[in-house]
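Some notes on the structure that comes next.
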Amino acid sequence: MQEGKSFQISKHQVLQAYKCVKANKGAGGIDGINFEEYEKDLKNNLYKLWNRMSSGSYFPKPVKGVEIPKKNGKMRLLGIPTIEDRIAQMVVRLTFEPIVEPLFYDNSFGYRPNRSAIDAVGITRERCWKMPWLIEFDIVGLFDNIDHTMMMKAVSRDSLRHQ
């Protein structure tokens with residue numbers, strides 16, 4: 001761990017996260033900063049982000065809300081984080097995902113790396129010839145309604161260490 005730092009995050013992790021976010025492209029957030037602007041002082045921007053994240057003083061900015069139409073004619077609010085916040089989220093993802101991914105059931109497809117809704121449909125199509133029943137499970141508004149205290153307890157460092 002870096003001396004005087006609360007969290008073990010390397011500068012390399014922040015750079016790797018930046019490269020992933022850049023590859024995904026996407027629009028800038030509420031701060032109006034796009035990739036071109038962010039890259040004008042890339043080294044300093046990434047250093048400041050690393051410093052705040054590793055010291056525990058990082059706080060995300062508000063998310064830009066953009067309404068997009070759904071197939072049923074209704075609108076869905078899409079949140080667009082700033083580029084800096086997307087990099088910070090990617091640092092967390094790249095650190096957290098390898099730890100928790102092995103804990104998921106093989107039958108789980110939602111928001112998993114290298115798994116898609118099309119994969120889930122393919123498995124369902126294959127299994128429908130083997131089973132006389134089907135269970136569909138979709139949690140609408142999960143992150144709006146989940147008990148965040150329980151969720152944080154489930155993903156705590158101590159909890160994951162005892163798996």
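By order of appearance in the structure tokens: chains A, B, ..., then residues from 1 within every chain, and ligands from 1 in the order shown.
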Margin query: Env of A:Thr124: 12 Å cut, atoms = only C-alpha atoms, seq-sep filter 2 positions within chain, self excluded. Answer as a PyMOL selection string.
Written below: chain A and resi 107-109+117-122+126-136
Notebook entry, point to check: What lies within 9 Å of stretch 32-48 of chain A using only C-alpha atoms, ignoring chain neighbours under 5 positions off, as a list in words?
Noted result: Lys11, Val14, Leu15, Tyr18, Lys22, Lys25, Gly26, Ala27, Met53, Thr82, Ile83, Glu84 and Ile87 of chain A
Next item on the list: Select from stretch 4-143 of chain A everything DSSP, run on the backbone, classes as helix (DSSP H, G or I), then give the selection as a ChimeraX atom specification.
Entry: /A:11-24,35-39,42-55,83-103,117-127,142-143
Item checked: Contacts of A:Pro62 within 10 Å, only C-alpha atoms, excl. fewer than 3 positions in-chain, as a list in words -> Gly29, Ile30, Asp31, Phe59, Gly65, Gly79, Ile80, Pro81, Thr82 and Asp85 of chain A
Output the selection as a PDB file, in the first residue's frame - C-alpha atoms for each residue.
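Produced file selection.pdb, reproduced below:
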ATOM      1  CA  GLY A  29     -21.396  14.057 -18.215  1.00  0.00           C
ATOM      2  CA  ILE A  30     -22.831  17.024 -16.363  1.00  0.00           C
ATOM      3  CA  ASP A  31     -19.445  18.791 -16.227  1.00  0.00           C
ATOM      4  CA  PHE A  59     -16.683  11.786  -4.331  1.00  0.00           C
ATOM      5  CA  GLY A  65     -30.062  12.705 -16.805  1.00  0.00           C
ATOM      6  CA  GLY A  79     -27.846   8.537 -16.198  1.00  0.00           C
ATOM      7  CA  ILE A  80     -24.599   9.718 -17.797  1.00  0.00           C
ATOM      8  CA  PRO A  81     -21.707   9.984 -15.331  1.00  0.00           C
ATOM      9  CA  THR A  82     -18.740  12.245 -16.014  1.00  0.00           C
ATOM     10  CA  ASP A  85     -16.577   9.113 -12.570  1.00  0.00           C
TER      11      ASP A  85
END
Next item on the list: Write out as a list in words each polymer residue whose atoms come within 10 Å of A:Gln13, counting only C-alpha atoms; drop sequence neighbours fewer than 6 positions from it.
Entry: Lys19, Trp50, Ile87, Ala88, Met90, Val91, Val92, Leu94 and Thr95 of chain A
Note to self: Calculated over only C-alpha atoms, which of the candidates A:Arg93, A:Lys74, A:Lys61, A:Arg86 has the smallest distance to A:Asn24?
What the structure shows: A:Arg86
